[in-house]
Number of protein chains: 2
Amino acid sequence: MWYTLITMARLVVPETSQIDHSFCPVYEAINVLQEKWTLHIIRTLLDGPKGFNELSRAVGGCNPATLAQRVEKLEHLDIVSKTIHSTMPPRTSYALTEAGQALQTVIEAIDRWGRQYLPEPAAH
Amino acid sequence: MWYTLITMARLVVPETSQIDHSFCPVYEAINVLQEKWTLHIIRTLLDGPKGFNELSRAVGGCNPATLAQRVEKLEHLDIVSKTIHSTMPPRTSYALTEAGQALQTVIEAIDRWGRQYLPEPAAH
DNA sequence: TATAGCGATATGATTTGTCAAGTATTTGAA
DNA sequence: TTCAAATACTTGACAAATCATATCGCTATA
């Protein structure tokens, strides 16, 4: 099975016009990264490991329930790793795994695009 | 004002610890791209201009209300352009602008990352 | 001794996204 | 000729995601 940039999530097999439910990496990757706060969390952790509240402050504006859910999901995907240093007083740190670090290229591409094409909001 | 990859949306000025509401391109770019379906829409349009239903089918799974809202927003951001060929019968086409085309680098980075780090879901 | 900080979790309100159905007209097939 | 399908959306009801805020037991600092 081939994949191209224009390959759809559900590939249509020409002969039969049936839907192919095979796995498409780009589509899945987009689904992972498009969840609210995910890219912000990753960008923040590129700066180095952080505790829960520290991460929360650095990300800016994400409420704790959502943040907890996001980092849990990212942990399952092996993008973020969680280390518990002590339970009482609670002390934890979140860091990027190798897969997480690899997302730096994505963040950089977004960064370049934003600088070039997003207009500074003008007063109106 | 400087921007770096680790720059937060609201920069804290060290001397005063006050919040700086200055515009941060990366943060804004992430906010644009993290809305549900946005990256899928852009990836689909990289394949060439499409009509509304054609786009809908190619994106796969996005409902028309959301799709209409997304393309309208992308039009405002000058990422997508809309051309009405005829009103009755209705015929329209959506295409990427220069800024939209430039997002190909982002999609490609996501593509590479997905192929390398997203595991094919195993049967369980 | 009082206060702030830690890593969360609970609550109920609000925002966002989804679903099914419908519009007015033309095109292609039976 | 007659009927189903396609075009680009819109509407209103509903479900799901995210929101601000309060809270927990405990420790380190003030």
# chains A, B, ... in the order shown; residues from 1 in each chain; ligands from 1
>>> interface_residues(of="chain D", to="chain A", cutoff="10 Å", atoms="only C-alpha atoms (C1' of nucleotides)", output="compact mmCIF listing (two decimals) with N, CA and C atoms (P, O5', C5', C4', C3', O3' and C1' of nucleotides), in the first residue's frame")
# COMPACT_ATOMS: atom_id res chain seq x y z
P DA D 17 -15.53 14.14 23.36
O5' DA D 17 -14.97 15.62 23.61
C5' DA D 17 -14.87 16.50 22.50
C4' DA D 17 -14.55 17.90 22.99
C3' DA D 17 -13.36 17.98 23.94
O3' DA D 17 -12.50 18.98 23.41
C1' DA D 17 -15.25 19.12 24.85
P DT D 18 -11.06 19.29 24.05
O5' DT D 18 -11.38 20.57 24.95
C5' DT D 18 -11.94 21.73 24.35
C4' DT D 18 -12.40 22.69 25.42
C3' DT D 18 -11.35 23.02 26.49
O3' DT D 18 -11.01 24.40 26.37
C1' DT D 18 -13.52 22.71 27.42
P DC D 19 -10.08 25.16 27.35
O5' DC D 19 -11.10 25.81 28.40
C5' DC D 19 -12.02 26.82 27.93
C4' DC D 19 -12.90 27.28 29.06
C3' DC D 19 -12.16 27.58 30.36
O3' DC D 19 -11.78 28.94 30.38
C1' DC D 19 -14.18 26.34 30.76
P DA D 20 -10.71 29.38 31.49
O5' DA D 20 -11.61 29.67 32.78
C5' DA D 20 -12.71 30.58 32.72
C4' DA D 20 -13.45 30.59 34.05
C3' DA D 20 -12.58 31.01 35.25
O3' DA D 20 -13.38 31.80 36.12
C1' DA D 20 -13.39 28.79 35.57
P DG D 25 -8.03 16.98 53.58
O5' DG D 25 -6.76 16.04 53.76
C5' DG D 25 -6.52 14.92 52.92
C4' DG D 25 -5.02 14.80 52.68
C3' DG D 25 -4.17 15.07 53.93
O3' DG D 25 -3.11 14.14 53.97
C1' DG D 25 -3.53 16.56 52.21
P DC D 26 -2.15 14.05 55.28
O5' DC D 26 -0.89 14.97 54.87
C5' DC D 26 0.00 14.51 53.84
C4' DC D 26 0.86 15.66 53.38
C3' DC D 26 1.74 16.28 54.47
O3' DC D 26 3.06 15.77 54.30
C1' DC D 26 0.86 17.88 52.91
P DT D 27 4.27 16.24 55.30
O5' DT D 27 4.95 17.44 54.51
C5' DT D 27 5.59 17.20 53.25
C4' DT D 27 6.14 18.52 52.73
C3' DT D 27 7.18 19.16 53.64
O3' DT D 27 8.26 19.57 52.82
C1' DT D 27 5.45 20.70 53.15
>>> residues_around(residues="segment 2-16 of chain D", least_positions_apart="4", cutoff="10 Å", atoms="only C-alpha atoms (C1' of nucleotides)", output="list of chain:residue names")
B:Gly51, B:Phe52, B:Asn53, B:Pro64, B:Ala65, B:Ala68, B:Thr87, B:Met88, B:Pro89, B:Pro90, B:Arg91, B:Thr92, C:DT16, C:DG17, C:DT18, C:DC19, C:DA20, C:DA21, C:DG22, C:DT23, C:DT25, C:DT26, C:DT27, C:DG28, C:DA29, C:DA30
>>> write_last_selection(atoms="N, CA and C atoms (P, O5', C5', C4', C3', O3' and C1' of nucleotides)", output="tab-separated table (two decimals), in the first residue's frame")
chain	number	residue	atom	x	y	z
B	51	GLY	N	-14.67	21.64	-4.95
B	51	GLY	CA	-15.97	22.17	-4.56
B	51	GLY	C	-16.29	21.75	-3.14
B	52	PHE	N	-17.39	22.26	-2.63
B	52	PHE	CA	-17.71	22.03	-1.22
B	52	PHE	C	-17.92	20.56	-0.89
B	53	ASN	N	-18.78	19.90	-1.62
B	53	ASN	CA	-19.05	18.49	-1.33
B	53	ASN	C	-17.86	17.59	-1.66
B	64	PRO	N	-21.06	19.20	7.35
B	64	PRO	CA	-21.10	20.41	6.53
B	64	PRO	C	-21.10	21.72	7.33
B	65	ALA	N	-21.74	21.71	8.48
B	65	ALA	CA	-21.77	22.94	9.29
B	65	ALA	C	-20.36	23.33	9.71
B	68	ALA	N	-18.20	24.35	6.62
B	68	ALA	CA	-18.51	25.70	6.15
B	68	ALA	C	-17.88	26.75	7.05
B	87	THR	N	-24.31	30.58	-9.32
B	87	THR	CA	-25.14	30.46	-8.12
B	87	THR	C	-26.23	29.41	-8.33
B	88	MET	N	-26.75	29.32	-9.59
B	88	MET	CA	-27.76	28.31	-9.84
B	88	MET	C	-27.57	27.69	-11.21
B	89	PRO	N	-27.21	26.41	-11.25
B	89	PRO	CA	-26.94	25.51	-10.13
B	89	PRO	C	-25.70	25.96	-9.36
B	90	PRO	N	-25.68	25.71	-8.08
B	90	PRO	CA	-24.55	26.20	-7.28
B	90	PRO	C	-23.24	25.51	-7.64
B	91	ARG	N	-22.23	26.30	-7.89
B	91	ARG	CA	-20.92	25.74	-8.20
B	91	ARG	C	-19.85	26.70	-7.69
B	92	THR	N	-19.05	26.15	-6.80
B	92	THR	CA	-18.05	26.94	-6.10
B	92	THR	C	-16.75	26.16	-6.09
C	16	DT	P	-15.96	28.79	21.23
C	16	DT	O5'	-16.05	27.29	20.70
C	16	DT	C5'	-15.27	26.26	21.34
C	16	DT	C4'	-15.63	24.92	20.74
C	16	DT	C3'	-15.78	24.94	19.21
C	16	DT	O3'	-14.88	23.98	18.71
C	16	DT	C1'	-17.63	23.84	20.22
C	17	DG	P	-14.80	23.59	17.17
C	17	DG	O5'	-15.76	22.33	17.10
C	17	DG	C5'	-15.40	21.14	17.78
C	17	DG	C4'	-16.43	20.06	17.53
C	17	DG	C3'	-16.67	19.77	16.05
C	17	DG	O3'	-16.60	18.36	15.88
C	17	DG	C1'	-18.72	20.25	17.14
C	18	DT	P	-17.05	17.67	14.53
C	18	DT	O5'	-18.54	17.22	14.88
C	18	DT	C5'	-18.75	16.28	15.93
C	18	DT	C4'	-20.20	15.83	15.91
C	18	DT	C3'	-20.67	15.25	14.58
C	18	DT	O3'	-21.29	14.00	14.88
C	18	DT	C1'	-22.17	16.91	15.32
C	19	DC	P	-21.54	12.95	13.72
C	19	DC	O5'	-23.13	12.97	13.56
C	19	DC	C5'	-23.95	12.95	14.72
C	19	DC	C4'	-25.37	13.36	14.34
C	19	DC	C3'	-25.77	12.91	12.94
C	19	DC	O3'	-26.85	11.98	13.08
C	19	DC	C1'	-26.40	15.18	13.36
C	20	DA	P	-27.37	11.18	11.81
C	20	DA	O5'	-28.71	11.97	11.47
C	20	DA	C5'	-29.54	12.44	12.54
C	20	DA	C4'	-30.72	13.21	11.95
C	20	DA	C3'	-31.18	12.71	10.59
C	20	DA	O3'	-32.61	12.74	10.60
C	20	DA	C1'	-30.54	14.97	10.42
C	21	DA	P	-33.46	12.31	9.33
C	21	DA	O5'	-33.93	13.71	8.74
C	21	DA	C5'	-34.48	14.70	9.62
C	21	DA	C4'	-34.53	16.03	8.91
C	21	DA	C3'	-35.09	15.95	7.49
C	21	DA	O3'	-36.20	16.81	7.39
C	21	DA	C1'	-33.14	17.28	7.56
C	22	DG	P	-37.14	16.89	6.11
C	22	DG	O5'	-36.68	18.29	5.45
C	22	DG	C5'	-36.78	19.50	6.24
C	22	DG	C4'	-36.13	20.63	5.47
C	22	DG	C3'	-36.57	20.70	4.00
C	22	DG	O3'	-37.02	22.02	3.69
C	22	DG	C1'	-34.22	20.76	4.16
C	23	DT	P	-37.90	22.26	2.35
C	23	DT	O5'	-36.98	23.30	1.57
C	23	DT	C5'	-36.58	24.54	2.18
C	23	DT	C4'	-35.54	25.19	1.28
C	23	DT	C3'	-35.86	25.09	-0.19
C	23	DT	O3'	-36.46	26.30	-0.63
C	23	DT	C1'	-33.56	24.59	0.27
C	25	DT	P	-35.83	27.99	-8.00
C	25	DT	O5'	-34.96	27.02	-8.94
C	25	DT	C5'	-33.63	27.41	-9.29
C	25	DT	C4'	-32.81	26.21	-9.66
C	25	DT	C3'	-33.22	25.50	-10.94
C	25	DT	O3'	-32.46	26.04	-12.02
C	25	DT	C1'	-32.32	24.04	-9.26
C	26	DT	P	-32.61	25.51	-13.55
C	26	DT	O5'	-31.54	24.33	-13.61
C	26	DT	C5'	-30.15	24.62	-13.40
C	26	DT	C4'	-29.37	23.31	-13.41
C	26	DT	C3'	-29.48	22.54	-14.72
C	26	DT	O3'	-28.16	22.23	-15.15
C	26	DT	C1'	-29.97	21.13	-12.87
C	27	DT	P	-27.89	21.71	-16.65
C	27	DT	O5'	-27.31	20.23	-16.40
C	27	DT	C5'	-26.46	19.97	-15.28
C	27	DT	C4'	-26.45	18.47	-15.02
C	27	DT	C3'	-26.48	17.61	-16.28
C	27	DT	O3'	-25.36	16.74	-16.25
C	27	DT	C1'	-28.10	16.87	-14.72
C	28	DG	P	-25.00	15.81	-17.50
C	28	DG	O5'	-25.58	14.39	-17.03
C	28	DG	C5'	-25.06	13.76	-15.85
C	28	DG	C4'	-25.80	12.45	-15.63
C	28	DG	C3'	-25.90	11.57	-16.89
C	28	DG	O3'	-25.46	10.26	-16.55
C	28	DG	C1'	-28.09	11.99	-15.99
C	29	DA	P	-25.50	9.08	-17.58
C	29	DA	O5'	-26.73	8.21	-17.02
C	29	DA	C5'	-26.76	7.82	-15.65
C	29	DA	C4'	-28.12	7.25	-15.30
C	29	DA	C3'	-28.58	6.09	-16.19
C	29	DA	O3'	-29.10	5.07	-15.35
C	29	DA	C1'	-30.23	7.75	-16.14
C	30	DA	P	-29.70	3.75	-15.94
C	30	DA	O5'	-31.28	3.97	-15.86
C	30	DA	C5'	-31.94	3.92	-14.59
C	30	DA	C4'	-33.45	3.77	-14.80
C	30	DA	C3'	-33.87	2.59	-15.66
C	30	DA	O3'	-35.04	1.98	-15.11
C	30	DA	C1'	-34.58	4.61	-16.69
>>> closest_atom_pairs(of="chain C", to="chain A", cutoff="12 Å", atoms="only C-alpha atoms (C1' of nucleotides)", output="CSV")
residue,atom,partner,partner_atom,distance
C:DG5,C1',A:Asn53,CA,9.5
C:DC6,C1',A:Pro90,CA,5.3
C:DG7,C1',A:Pro90,CA,5.6
C:DA8,C1',A:Ala68,CA,7.9
C:DT9,C1',A:Ala65,CA,7.7
C:DA10,C1',A:Ala65,CA,9.7
C:DT11,C1',A:Ala65,CA,11.6
C:DT16,C1',A:Lys36,CA,11.4
>>> select_by_dssp(residues="segment 19-96 of chain B", states="alpha helix (DSSP H)", output="ChimeraX atom specification")
/B:25-33,38-45,52-59,64-76
>>> write_last_selection(atoms="C-alpha atoms", output="mmCIF file, in the first residue's frame")
data_model
loop_
_atom_site.group_PDB
_atom_site.id
_atom_site.type_symbol
_atom_site.label_atom_id
_atom_site.label_comp_id
_atom_site.auth_asym_id
_atom_site.auth_seq_id
_atom_site.Cartn_x
_atom_site.Cartn_y
_atom_site.Cartn_z
ATOM 1 C CA PRO B 25 3.462 34.326 15.765
ATOM 2 C CA VAL B 26 4.103 30.708 16.801
ATOM 3 C CA TYR B 27 1.410 30.769 19.435
ATOM 4 C CA GLU B 28 -1.097 32.297 17.025
ATOM 5 C CA ALA B 29 -0.147 29.898 14.260
ATOM 6 C CA ILE B 30 -0.702 26.949 16.571
ATOM 7 C CA ASN B 31 -4.079 28.367 17.520
ATOM 8 C CA VAL B 32 -5.059 28.593 13.882
ATOM 9 C CA LEU B 33 -3.916 25.097 13.006
ATOM 10 C CA THR B 38 -8.271 22.593 9.681
ATOM 11 C CA LEU B 39 -5.132 20.620 8.882
ATOM 12 C CA HIS B 40 -7.161 17.962 7.112
ATOM 13 C CA ILE B 41 -8.779 20.611 4.941
ATOM 14 C CA ILE B 42 -5.446 22.154 4.046
ATOM 15 C CA ARG B 43 -3.879 18.805 3.270
ATOM 16 C CA THR B 44 -6.776 17.946 1.012
ATOM 17 C CA LEU B 45 -6.558 21.237 -0.852
ATOM 18 C CA PHE B 52 -17.714 22.034 -1.220
ATOM 19 C CA ASN B 53 -19.050 18.490 -1.327
ATOM 20 C CA GLU B 54 -15.966 17.232 -3.097
ATOM 21 C CA LEU B 55 -13.846 18.698 -0.308
ATOM 22 C CA SER B 56 -16.190 17.230 2.256
ATOM 23 C CA ARG B 57 -15.853 13.748 0.812
ATOM 24 C CA ALA B 58 -12.095 14.004 0.423
ATOM 25 C CA VAL B 59 -11.589 15.252 3.979
ATOM 26 C CA PRO B 64 -21.096 20.414 6.525
ATOM 27 C CA ALA B 65 -21.769 22.941 9.290
ATOM 28 C CA THR B 66 -18.257 22.621 10.641
ATOM 29 C CA LEU B 67 -16.707 22.520 7.188
ATOM 30 C CA ALA B 68 -18.514 25.700 6.149
ATOM 31 C CA GLN B 69 -17.366 27.437 9.313
ATOM 32 C CA ARG B 70 -13.769 26.298 8.869
ATOM 33 C CA VAL B 71 -13.422 27.369 5.245
ATOM 34 C CA GLU B 72 -14.969 30.726 6.094
ATOM 35 C CA LYS B 73 -12.411 31.262 8.807
ATOM 36 C CA LEU B 74 -9.575 30.115 6.547
ATOM 37 C CA GLU B 75 -10.832 32.509 3.925
ATOM 38 C CA HIS B 76 -10.660 35.393 6.396
#
>>> atom_distance(atom1="atom CA of Gln104 of chain B", atom2="atom CA of Gly48 of chain A")
28.2 Å
>>> closest_atom_pairs(of="chain B", to="chain A", cutoff="6 Å", atoms="only C-alpha atoms", output="tab-separated table")
residue	atom	partner	partner_atom	distance
B:Ile6	CA	A:Asp47	CA	5.7
B:Pro25	CA	A:Gly114	CA	5.0
B:Val26	CA	A:Asp111	CA	4.7
B:Ala29	CA	A:Gly114	CA	5.2
B:Gln34	CA	A:Gln34	CA	4.3
B:Asp47	CA	A:Ile6	CA	5.7
B:Ala99	CA	A:Tyr117	CA	5.9
B:Val106	CA	A:Ala109	CA	5.2
B:Ala109	CA	A:Val106	CA	5.2
B:Asp111	CA	A:Val26	CA	4.7
B:Gly114	CA	A:Pro25	CA	5.0
B:Arg115	CA	A:Pro25	CA	5.5
B:Tyr117	CA	A:Ala99	CA	5.9
>>> write_last_selection(atoms="C-alpha atoms", output="PDB file, in the first residue's frame")
ATOM      1  CA  ILE B   6      10.272  28.703  23.789  1.00  0.00           C
ATOM      2  CA  PRO B  25       3.462  34.326  15.765  1.00  0.00           C
ATOM      3  CA  VAL B  26       4.103  30.708  16.801  1.00  0.00           C
ATOM      4  CA  ALA B  29      -0.147  29.898  14.260  1.00  0.00           C
ATOM      5  CA  GLN B  34      -5.212  23.263  16.062  1.00  0.00           C
ATOM      6  CA  ASP B  47      -4.126  18.200  -4.036  1.00  0.00           C
ATOM      7  CA  ALA B  99      -0.136  31.354   2.516  1.00  0.00           C
ATOM      8  CA  VAL B 106       4.102  21.925   7.889  1.00  0.00           C
ATOM      9  CA  ALA B 109       6.897  17.696   8.611  1.00  0.00           C
ATOM     10  CA  ASP B 111       3.886  13.439   7.485  1.00  0.00           C
ATOM     11  CA  GLY B 114       3.861  10.263  11.549  1.00  0.00           C
ATOM     12  CA  ARG B 115       5.619   7.702   9.396  1.00  0.00           C
ATOM     13  CA  TYR B 117       6.858   7.585  15.141  1.00  0.00           C
TER      14      TYR B 117
END
>>> atom_distance(atom1="atom CA of Val80 of chain B", atom2="atom C1' of DA24 of chain C")
27.1 Å
>>> residues_around(residues="DA2 of chain C", least_positions_apart="2", cutoff="12 Å", atoms="only C-alpha atoms (C1' of nucleotides)", output="list in words")
DA4 of chain C; DT29 and DA30 of chain D
>>> atom_distance(atom1="atom CA of Lys82 of chain A", atom2="atom CA of Leu96 of chain A")
8.9 Å
